[in-house]
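Visitor: Sharing a structure here in structure tokens format.
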Amino acid sequence: MTVERRPHRVVVLALDGVYAFELGIPNRIFPLVPGDAYEVVTCTVSDDRTVATNADFTITVEHGPQALETADTVVIPPYDLRLLTRELPDPVRDALARVRPGTRIVSICTGAFALAAAGLLDGRTATTHWALADLFRQLFPQVALDPEVLFIDDGDILTSAGAASGVDVCLHVVRSDHGSAVANHVARHCVVPPWREGGQAQYIEQPMPQEETSSTAATRAWILANLDRPLVLRELATHAGMSPRTFARRFQEETGTSPGRWLIQQRVHRARHLLESSDLSVDRIAAEVGFATGTSLRQHLQSAIGVSPQAYRRTFRTGAETRAAAGA
């Protein structure tokens, strides 16, 4: 007997002053997952279902706030900067109260302000656009703000930085639900990287350096082609034609993170792909990605995503087999 599988319902809440670009991201990302895995609908809090955007047009959406009661995931895109206050308008607060406990909630950019004002981020770590960090801290000191990352996954609540980071966090949701191969498939269709390096630090406005500089991009590409080697800072700096100190500083400026941390991130990312797509042993995968031992891989994977290699492989392998059997 075949049991019909209901699509995972993503409800996008459009608030007054919504940014049209970010509003469209969920509808661009989630429907590309094969097998009709997601259903995306848009709702608002107004009775006439019209929403003023931050541009010179108004939109009409199909659903009112009742749609939030049916959501498996709620996405809140950014909205008008003039509406960023400590208190939410009653219709918005009432709408958010309709969300069922345990529902996954995702904010993009200023959407985090709505979650914080509703008390949903109290005691949690969250992020928003780096330019609004001071205002956010002033309004919501009870939230541990990290403005240097592109997004934060805090279990049932995910927050992301500005604009294109909405793509990053939605791809992360797809990756968490269906694995890296599916997320990569969606990213290719959208002509975006499946995983962006670094954090917001690389986009924060900073004075341009006075001296002539060169990029670390070529060395980063070389690193990815040689992940299995025991790479050290001096070797990387030599490849880039810089001193170790200059290379480390330039790398931080360009990626928002240190060479060592970036290298670990890439090794973990490659290991996750191999766990999903191959039958290689944990020790073999560790060697393939440059970790000295299987124990080292286990420690880094646990630190990065909170699970063991065996548990990660079991989750995504089982999920893939189940979807294949269902014709997804």
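Lettering and numbering for the structure tokens are positional, with chains as A, B, ... in the shown order, residues counted from 1 in each chain, and ligands counted from 1 in the shown order.
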Tell me, counting only C-alpha atoms, for each residue of stretch 78-143 of chain A within 10 Å of stretch 13-27 of chain A, which pair of atoms is nearest and how far apart they are in Å to one decimal, in rows ordered by chain and increasing number, as JSON lines.
Guide:
{"residue": "A:Pro78", "atom": "CA", "partner": "A:Val18", "partner_atom": "CA", "distance": 5.8}
{"residue": "A:Tyr79", "atom": "CA", "partner": "A:Val18", "partner_atom": "CA", "distance": 4.0}
{"residue": "A:Asp80", "atom": "CA", "partner": "A:Gly17", "partner_atom": "CA", "distance": 4.3}
{"residue": "A:Leu81", "atom": "CA", "partner": "A:Gly17", "partner_atom": "CA", "distance": 8.1}
{"residue": "A:Arg82", "atom": "CA", "partner": "A:Gly17", "partner_atom": "CA", "distance": 8.9}
{"residue": "A:Leu83", "atom": "CA", "partner": "A:Gly17", "partner_atom": "CA", "distance": 8.3}
{"residue": "A:Val92", "atom": "CA", "partner": "A:Leu15", "partner_atom": "CA", "distance": 7.9}
{"residue": "A:Ala95", "atom": "CA", "partner": "A:Leu13", "partner_atom": "CA", "distance": 9.1}
{"residue": "A:Leu96", "atom": "CA", "partner": "A:Leu13", "partner_atom": "CA", "distance": 9.3}
{"residue": "A:Ser107", "atom": "CA", "partner": "A:Leu13", "partner_atom": "CA", "distance": 9.9}
{"residue": "A:Ile108", "atom": "CA", "partner": "A:Glu22", "partner_atom": "CA", "distance": 7.4}
{"residue": "A:Cys109", "atom": "CA", "partner": "A:Glu22", "partner_atom": "CA", "distance": 8.9}
{"residue": "A:Thr110", "atom": "CA", "partner": "A:Val18", "partner_atom": "CA", "distance": 9.7}
{"residue": "A:Gly111", "atom": "CA", "partner": "A:Leu15", "partner_atom": "CA", "distance": 9.1}
{"residue": "A:Ala114", "atom": "CA", "partner": "A:Leu15", "partner_atom": "CA", "distance": 9.6}
Visitor: When you look at A:Pro7 with a cut-off of 8 Å (counting only C-alpha atoms), what residues show up, excluding the ones that are within fewer than 4 positions of it in the same chain? I need them as a list in words.
Guide: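 Residues meeting the cut-off are Asp36, Ala37, Tyr38 and Glu39 of chain A.
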Visitor: Any idea what's packed within 8 Å of A:Gly64, counting only C-alpha atoms, ignoring anything in its chain fewer than 6 positions away? Could you give it as a count of residues only?
Guide: 6
Visitor: Taking 6 positions as the minimum chain separation for residues in the same chain, which residues sit within 10 Å of A:Ala183 when counting only C-alpha atoms? Answer as an mmCIF file with C-alpha atoms, in the first residue's frame.
Guide:
data_model
loop_
_atom_site.group_PDB
_atom_site.id
_atom_site.type_symbol
_atom_site.label_atom_id
_atom_site.label_comp_id
_atom_site.auth_asym_id
_atom_site.auth_seq_id
_atom_site.Cartn_x
_atom_site.Cartn_y
_atom_site.Cartn_z
ATOM 1 C CA ILE A 29 14.474 27.869 -4.055
ATOM 2 C CA PHE A 30 12.048 25.346 -2.609
ATOM 3 C CA LEU A 32 13.226 23.339 -7.457
ATOM 4 C CA VAL A 33 13.589 20.374 -5.103
ATOM 5 C CA CYS A 170 17.030 28.534 2.180
ATOM 6 C CA LEU A 171 19.666 26.334 0.529
ATOM 7 C CA HIS A 172 20.781 25.330 4.026
ATOM 8 C CA VAL A 173 17.211 24.273 4.824
ATOM 9 C CA VAL A 174 17.115 22.174 1.640
ATOM 10 C CA ARG A 175 20.513 20.686 2.523
ATOM 11 C CA SER A 176 19.331 19.834 6.039
ATOM 12 C CA ASP A 177 16.110 18.271 4.755
ATOM 13 C CA PRO A 193 27.090 28.850 -5.111
ATOM 14 C CA PRO A 194 25.645 26.051 -2.961
ATOM 15 C CA TRP A 195 27.722 27.268 -0.023
#
Visitor: Set the distance at 8 Å and use only C-alpha atoms: which residues neighbour A:Ala118 once local chain neighbours fewer than 6 positions away are removed? I'd like the list as number ranges by chain.
Guide: A: 87-88, 93, 96
Visitor: By how many Å are atom CA of A:Val75 and atom CA of A:Val10 apart?
Guide: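 About the pair atom CA of A:Val75 and atom CA of A:Val10: they are 7.2 Å apart.
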Visitor: Would you mind reading off the distance between atom CA of A:Leu145 and atom CA of A:Arg124, one decimal, in Å?
Guide: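 Those two atoms sit 8.4 Å apart.
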Visitor: Using only C-alpha atoms, which residue out of A:Val232, A:Ala271, A:Leu120, A:Ala221 lies closest to A:Arg284?
Guide: A:Ala271
Visitor: Could you state the separation of atom CA of A:Val282 and atom CA of A:Ala225 in Å, given to one decimal place?
Guide: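 These two atoms are separated by 20.3 Å.
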Visitor: Which residue gives the smallest distance to A:Gln252 among A:Val51, A:Pro141, A:Thr216, A:Gln302, with only C-alpha atoms counted?
Guide: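 Smallest separation from A:Gln252 among the options: A:Thr216.
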Visitor: At a cut-off of 12 Å, using only C-alpha atoms, what residues contact A:Pro230? Leave out same-chain residues fewer than 5 positions from it and give the result as a PyMOL selection string.
Guide: chain A and resi 223+235-236+260+263-264+267+286-293
Visitor: Please run DSSP on the backbone and report, as a list in words, all residues within stretch 127-160 of chain A that come out as helix (DSSP H, G or I).
Guide: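 Taking stretch 127-160 of chain A and keeping helix (DSSP H, G or I) only, one gets Trp130, Ala131, Leu132, Ala133, Asp134, Leu135, Phe136, Arg137, Gln138 and Leu139 of chain A.
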Visitor: Quick one: pick out all strand (DSSP E) residues within stretch 58-257 of chain A from a backbone DSSP run and write them as an NGL selection string.
Guide: :A and (58-60 or 73-76 or 104-108 or 125-126 or 144-145 or 151-154 or 157-160)
Visitor: From the list A:Val268, A:Arg86, A:Pro91, A:Pro259, which residue is nearest A:Ser303 when using only C-alpha atoms?
Guide: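 Among the listed residues, A:Val268 lies closest to A:Ser303.
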Visitor: Between A:His239, A:Ala117, A:Thr58, A:Gln66, which residue has the minimum interatomic distance to A:Asp90, considering only C-alpha atoms?
Guide: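 The answer is A:Ala117, which sits nearest to A:Asp90.
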Visitor: Find, counting only C-alpha atoms, the residue in A:Ser180, A:Thr127, A:Ser308, A:Ser243 that gets nearest to A:Ser160.
Guide: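 Under the stated criterion, the closest residue is A:Thr127.
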